[in-house]
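K.L.:
Pasting a structure here, questions to come.
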Amino acid sequence: MRKLIIFTDLDGTLIDHQSYSYSDAKKALKKISDDKIPLILVSSKTRAEIEAIRQDLKKDGFNINHPFIVENGSAIYIPRDYYDANLRMYANDANSINFCHPEFISGSHKILKPSNSAGRQVQNDKQNSNLNHFSIISKNQFQIIKISQVNYQDLIKILKEIEKQIDGKIIGFNNLTPQELSDECGLTIEAAKLAKKREFDEAFRIEPDEPELYNQVKKLIYEKGLNYTKGGRYAHIMGKQDKGLAVGILSKLYKKQFNNIRTIGIGDSRNDLEMLEVCDQGYLVANPKKPVDSTIISKKIHKLKEIGPKGFNKIVLKIISKS
Ligand SMILES: [Mg+2]
């Protein structure tokens with residue numbers, strides 16, 4: 001039997017876009033927890049924010065002690081000794097993991113050839129070759145696979161340069177106080193402080209809020225050789241990573257562990273499409289405020305009518321009951 005692995009976005013998917021609550025998904029979370037199904041949280045949120053959500057889940061009695069992916073695929077946090085295999089067995093040197101190792105070449109997840117079906121710029125083979133090695137850091141109770149190769153402060157400088165070239169104002173998380181961030185997205189002050197602890201990717205919005213300005217900025221970011229994506233609320237500038245690449249890497253590790261796996265991806269926004277593509281099945285829950293442009297959604301991705309955690313709850317219970 002294939003081992004079921006579920007990858008999920010947080011904002012607008014497992015947790016409600018407005019209330020930030022996962023209460024509508026509690027039945028599915030209980031089933032996931034009881035059946036010991038790996039549930040991987042994959043978010044644009046920071047490590048600090050995701051750790052807080054893991055704590056909440058734990059307090060509510062859900063056992064979700066699995067790896068998680070932060071800041072749109074910038075790094076993967078793996079609880080120490082989570083996998084039987086030592087990650088370093090694939091390493092060329094003591095501090096990096098080589099995903100071109102023969103162990104990783106076979107299998108259905110082609111992590112080194114990003115798809116362009118989600119509207120992303122296709123990276124050429126030369127650029128892909130830079131993605132073969134990722135450093136591993138051991139810190140506290142985690143082993144961290146660091147995918148991002150760009151410094152956060154450099155991203156802020158680049159955004160400032162780009163702002164000079166457009167007829168608008170770029171407002172990044174670094175420009176906002178916790179109070180301002182709390183006011184504009186409804187987080188508590190404490191949660192806003194955690195949201196500002198960005199390490200790899202900068203979240204921003206543009207004033208005025210016009211699609212044409214976002215397109216201009218996206219183009220300028222690509223020209224700098226960086227990646228752009230857009231979540232439910234904010235756009236993001238980051239290195240050459242995305243959620244799909246990180247999910248592909250974790251899928252490889254699960255395949256080593258369980259041999260036969262079935263991966264499910266659930267999201268709600270443009271920045272989830274690469275993740276959904278790389279899974280065996282992808283599901284897009286409804287986001288009535290910011291529906292994803294239907295022209296960039298591939299046939300492989302199923303759209304659900306239910307919004308956020310209600311959609312998550314329904315599809316997860318359905319998949320588990322049939323597996
Ligand atoms: Mg989302």
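Ligands are numbered from 1 in the order shown, residues from 1 within each chain, and chains are lettered A, B, ... in the order they appear in the structure tokens.
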With only C-alpha atoms and all ligand atoms counted and 9 Å as the cut-off, give the residues of chain A in contact with ligand 1, each with its shortest interatomic distance in Å and the pair that gives it, as a tab-separated table.
P.N.:
residue	atom	partner	partner_atom_place_in_ligand_line	distance
A:Asp9	CA	ligand 1	1 (Mg)	5.6
A:Leu10	CA	ligand 1	1 (Mg)	5.7
A:Asp11	CA	ligand 1	1 (Mg)	4.2
A:Gly12	CA	ligand 1	1 (Mg)	4.5
A:Thr13	CA	ligand 1	1 (Mg)	5.7
A:Leu14	CA	ligand 1	1 (Mg)	8.5
A:Ile15	CA	ligand 1	1 (Mg)	8.7
A:His17	CA	ligand 1	1 (Mg)	7.8
A:Ser43	CA	ligand 1	1 (Mg)	7.3
A:Ser44	CA	ligand 1	1 (Mg)	7.9
A:Gly231	CA	ligand 1	1 (Mg)	5.7
A:Gly232	CA	ligand 1	1 (Mg)	5.4
A:Arg233	CA	ligand 1	1 (Mg)	8.4
A:Gly267	CA	ligand 1	1 (Mg)	6.0
A:Asp268	CA	ligand 1	1 (Mg)	5.0
A:Ser269	CA	ligand 1	1 (Mg)	5.3
A:Arg270	CA	ligand 1	1 (Mg)	8.3
A:Asn271	CA	ligand 1	1 (Mg)	7.5
A:Asp272	CA	ligand 1	1 (Mg)	7.2
A:Asn287	CA	ligand 1	1 (Mg)	8.7
A:Gly308	CA	ligand 1	1 (Mg)	8.6
K.L.:
So which residues touch region 68-71 of chain A within 9 Å, counting only C-alpha atoms, skipping near sequence neighbours fewer than 6 positions away, as an MDAnalysis selection string?
P.N.:
chainID A and resid 39:47 50 77:79 198:202 238 242:243 246:247
K.L.:
Please write the residues from the selection above to a file, keeping N, CA and C atoms, as a short mmCIF file (atom, residue, chain, number, x, y, z; two decimals), in the first residue's frame.
P.N.:
data_model
loop_
_atom_site.label_atom_id
_atom_site.label_comp_id
_atom_site.auth_asym_id
_atom_site.auth_seq_id
_atom_site.Cartn_x
_atom_site.Cartn_y
_atom_site.Cartn_z
N LEU A 39 1.77 15.23 7.73
CA LEU A 39 1.16 16.47 7.23
C LEU A 39 2.25 17.53 7.24
N ILE A 40 2.60 17.99 6.06
CA ILE A 40 3.71 18.94 5.93
C ILE A 40 3.14 20.33 5.71
N LEU A 41 3.44 21.25 6.62
CA LEU A 41 2.98 22.63 6.48
C LEU A 41 3.95 23.36 5.54
N VAL A 42 3.40 23.94 4.47
CA VAL A 42 4.23 24.57 3.42
C VAL A 42 3.69 25.98 3.23
N SER A 43 4.44 26.97 3.68
CA SER A 43 3.84 28.30 3.75
C SER A 43 4.81 29.40 3.35
N SER A 44 4.25 30.58 3.07
CA SER A 44 5.11 31.75 2.90
C SER A 44 5.46 32.32 4.28
N LYS A 45 4.87 31.75 5.31
CA LYS A 45 5.14 32.23 6.68
C LYS A 45 6.58 31.92 7.10
N THR A 46 7.00 32.61 8.16
CA THR A 46 8.35 32.40 8.69
C THR A 46 8.40 31.16 9.58
N ARG A 47 9.63 30.75 9.87
CA ARG A 47 9.82 29.62 10.81
C ARG A 47 9.12 29.92 12.14
N ILE A 50 5.36 29.46 11.87
CA ILE A 50 4.93 28.06 11.69
C ILE A 50 5.15 27.28 12.98
N TYR A 77 12.59 22.42 7.40
CA TYR A 77 12.95 22.08 8.78
C TYR A 77 12.52 20.64 9.04
N ILE A 78 13.48 19.79 9.39
CA ILE A 78 13.18 18.37 9.60
C ILE A 78 13.50 18.02 11.06
N PRO A 79 12.51 17.54 11.83
CA PRO A 79 12.81 17.16 13.22
C PRO A 79 13.96 16.15 13.22
N ARG A 198 11.52 37.55 9.03
CA ARG A 198 11.79 36.92 7.75
C ARG A 198 13.30 36.72 7.59
N GLU A 199 13.66 35.58 7.00
CA GLU A 199 15.08 35.25 6.84
C GLU A 199 15.49 35.09 5.38
N PHE A 200 14.52 34.74 4.50
CA PHE A 200 14.90 34.35 3.14
C PHE A 200 14.12 35.04 2.04
N ASP A 201 12.94 35.54 2.34
CA ASP A 201 12.04 36.02 1.28
C ASP A 201 11.33 37.24 1.81
N GLU A 202 11.16 38.29 0.99
CA GLU A 202 10.46 39.48 1.49
C GLU A 202 9.05 39.55 0.92
N MET A 238 12.21 36.52 -3.95
CA MET A 238 13.06 35.50 -3.32
C MET A 238 14.05 34.95 -4.32
N ASP A 242 11.00 27.72 -4.92
CA ASP A 242 9.55 27.86 -4.77
C ASP A 242 9.07 26.66 -3.96
N LYS A 243 7.79 26.66 -3.64
CA LYS A 243 7.26 25.58 -2.80
C LYS A 243 7.43 24.22 -3.48
N ALA A 246 10.93 22.57 -2.94
CA ALA A 246 11.09 22.05 -1.57
C ALA A 246 10.22 20.80 -1.36
N VAL A 247 9.00 20.81 -1.88
CA VAL A 247 8.12 19.64 -1.75
C VAL A 247 8.71 18.45 -2.50
#
K.L.:
Run DSSP on the backbone and give me the residues of region 164-269 of chain A it puts in helix (DSSP H, G or I), as a VMD selection string.
P.N.:
chain A and resid 164 173 to 175 178 to 185 189 to 195 211 to 223 243 to 258
K.L.:
Go ahead and save the residues from that selection, with N, CA and C atoms, as a compact mmCIF listing (two decimals), in the first residue's frame.
P.N.:
# COMPACT_ATOMS: atom_id res chain seq x y z
N LYS A 164 12.35 52.52 -7.56
CA LYS A 164 12.70 53.76 -8.28
C LYS A 164 12.28 53.68 -9.75
N PHE A 173 7.46 44.01 4.39
CA PHE A 173 7.30 43.77 5.83
C PHE A 173 8.36 44.53 6.64
N ASN A 174 9.55 44.72 6.03
CA ASN A 174 10.61 45.43 6.75
C ASN A 174 10.26 46.90 6.96
N ASN A 175 9.31 47.45 6.14
CA ASN A 175 8.92 48.85 6.27
C ASN A 175 7.82 49.05 7.31
N PRO A 178 5.21 46.20 13.80
CA PRO A 178 4.26 45.13 14.12
C PRO A 178 2.82 45.65 14.21
N GLN A 179 2.65 46.87 14.75
CA GLN A 179 1.30 47.46 14.86
C GLN A 179 0.70 47.67 13.47
N GLU A 180 1.50 48.23 12.55
CA GLU A 180 0.99 48.48 11.19
C GLU A 180 0.63 47.18 10.48
N LEU A 181 1.52 46.18 10.64
CA LEU A 181 1.27 44.88 10.00
C LEU A 181 0.00 44.24 10.58
N SER A 182 -0.13 44.37 11.90
CA SER A 182 -1.31 43.84 12.57
C SER A 182 -2.58 44.53 12.04
N ASP A 183 -2.53 45.85 11.90
CA ASP A 183 -3.69 46.60 11.41
C ASP A 183 -4.08 46.18 10.00
N GLU A 184 -3.06 45.92 9.15
CA GLU A 184 -3.44 45.66 7.77
C GLU A 184 -3.77 44.22 7.48
N CYS A 185 -3.32 43.28 8.28
CA CYS A 185 -3.73 41.91 7.94
C CYS A 185 -4.41 41.17 9.08
N ILE A 189 -0.62 41.44 17.56
CA ILE A 189 0.70 42.09 17.55
C ILE A 189 1.80 41.02 17.70
N GLU A 190 1.54 40.06 18.57
CA GLU A 190 2.54 38.99 18.78
C GLU A 190 2.79 38.24 17.48
N ALA A 191 1.69 37.89 16.77
CA ALA A 191 1.82 37.15 15.51
C ALA A 191 2.52 38.02 14.46
N ALA A 192 2.23 39.33 14.48
CA ALA A 192 2.87 40.23 13.50
C ALA A 192 4.38 40.29 13.75
N LYS A 193 4.78 40.23 15.02
CA LYS A 193 6.23 40.23 15.33
C LYS A 193 6.88 38.98 14.74
N LEU A 194 6.20 37.84 14.85
CA LEU A 194 6.74 36.59 14.29
C LEU A 194 6.79 36.67 12.76
N ALA A 195 5.77 37.32 12.18
CA ALA A 195 5.71 37.44 10.71
C ALA A 195 6.85 38.30 10.17
N PRO A 211 -2.81 45.68 -10.92
CA PRO A 211 -2.15 44.50 -11.51
C PRO A 211 -0.98 44.87 -12.41
N GLU A 212 -1.12 45.98 -13.15
CA GLU A 212 -0.06 46.37 -14.09
C GLU A 212 1.26 46.64 -13.34
N LEU A 213 1.16 47.26 -12.16
CA LEU A 213 2.37 47.54 -11.37
C LEU A 213 3.01 46.25 -10.89
N TYR A 214 2.16 45.29 -10.46
CA TYR A 214 2.70 44.00 -10.02
C TYR A 214 3.41 43.31 -11.19
N ASN A 215 2.83 43.41 -12.39
CA ASN A 215 3.48 42.79 -13.56
C ASN A 215 4.83 43.43 -13.85
N GLN A 216 4.87 44.76 -13.73
CA GLN A 216 6.15 45.46 -13.95
C GLN A 216 7.20 45.00 -12.95
N VAL A 217 6.80 44.94 -11.70
CA VAL A 217 7.74 44.54 -10.64
C VAL A 217 8.18 43.09 -10.85
N LYS A 218 7.24 42.24 -11.22
CA LYS A 218 7.58 40.84 -11.48
C LYS A 218 8.66 40.75 -12.56
N LYS A 219 8.46 41.51 -13.63
CA LYS A 219 9.41 41.49 -14.75
C LYS A 219 10.80 41.96 -14.28
N LEU A 220 10.82 43.02 -13.50
CA LEU A 220 12.10 43.56 -13.02
C LEU A 220 12.79 42.57 -12.07
N ILE A 221 12.01 41.86 -11.27
CA ILE A 221 12.58 40.84 -10.37
C ILE A 221 13.20 39.70 -11.19
N TYR A 222 12.47 39.25 -12.21
CA TYR A 222 13.01 38.18 -13.07
C TYR A 222 14.31 38.64 -13.74
N GLU A 223 14.34 39.92 -14.15
CA GLU A 223 15.55 40.44 -14.80
C GLU A 223 16.76 40.39 -13.87
N LYS A 243 7.79 26.66 -3.64
CA LYS A 243 7.26 25.58 -2.80
C LYS A 243 7.43 24.22 -3.48
N GLY A 244 7.33 24.19 -4.82
CA GLY A 244 7.40 22.92 -5.55
C GLY A 244 8.75 22.25 -5.40
N LEU A 245 9.81 23.04 -5.48
CA LEU A 245 11.16 22.48 -5.35
C LEU A 245 11.35 21.85 -3.97
N ALA A 246 10.93 22.57 -2.94
CA ALA A 246 11.09 22.05 -1.57
C ALA A 246 10.22 20.80 -1.36
N VAL A 247 9.00 20.81 -1.88
CA VAL A 247 8.12 19.64 -1.75
C VAL A 247 8.71 18.45 -2.50
N GLY A 248 9.32 18.72 -3.65
CA GLY A 248 9.97 17.65 -4.42
C GLY A 248 11.10 17.00 -3.63
N ILE A 249 11.89 17.81 -2.93
CA ILE A 249 13.00 17.29 -2.13
C ILE A 249 12.46 16.41 -0.99
N LEU A 250 11.44 16.92 -0.29
CA LEU A 250 10.89 16.12 0.81
C LEU A 250 10.25 14.83 0.30
N SER A 251 9.62 14.92 -0.86
CA SER A 251 9.00 13.71 -1.43
C SER A 251 10.06 12.64 -1.69
N LYS A 252 11.23 13.09 -2.15
CA LYS A 252 12.33 12.15 -2.36
C LYS A 252 12.73 11.47 -1.05
N LEU A 253 12.79 12.24 0.00
CA LEU A 253 13.19 11.67 1.29
C LEU A 253 12.11 10.70 1.80
N TYR A 254 10.84 11.04 1.60
CA TYR A 254 9.77 10.11 2.00
C TYR A 254 9.80 8.84 1.16
N LYS A 255 10.16 9.00 -0.11
CA LYS A 255 10.23 7.82 -0.98
C LYS A 255 11.33 6.87 -0.51
N LYS A 256 12.43 7.46 -0.05
CA LYS A 256 13.51 6.64 0.52
C LYS A 256 13.00 5.91 1.77
N GLN A 257 12.19 6.60 2.54
CA GLN A 257 11.73 6.05 3.81
C GLN A 257 10.67 4.96 3.61
N PHE A 258 9.68 5.25 2.75
CA PHE A 258 8.51 4.35 2.65
C PHE A 258 8.45 3.58 1.34
K.L.:
Suppose you want the space between CA of Asp209 (chain A) and CA of Tyr228 (chain A); what is it in Å?
P.N.:
16.5 Å
K.L.:
To one decimal place in Å, what is the distance between CA of Phe142 (chain A) and CA of Ala48 (chain A)?
P.N.:
13.4 Å
K.L.:
Between CA of Leu317 (chain A) and CA of Asp84 (chain A), what distance in Å does the model show, to one decimal?
P.N.:
28.4 Å
K.L.:
Would you mind telling me which residue in A:Gly172, A:Thr295, A:Leu29, A:Asp35 lies nearest to Lys58 (chain A) when using only C-alpha atoms?
P.N.:
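Among the listed residues, A:Leu29 lies closest to Lys58 (chain A).
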K.L.:
May I have the residues within 8 Å of Ile37 (chain A) as an NGL selection string, using only C-alpha atoms and disregarding those fewer than 4 positions away in the same chain?
P.N.:
:A and (4-6 or 32-33)
K.L.:
Taking only C-alpha atoms into account, which of A:Lys224, A:Ile136, A:Ser321, A:Ile261 comes nearest Glu161 (chain A)?
P.N.:
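The answer is A:Lys224, which sits nearest to Glu161 (chain A).
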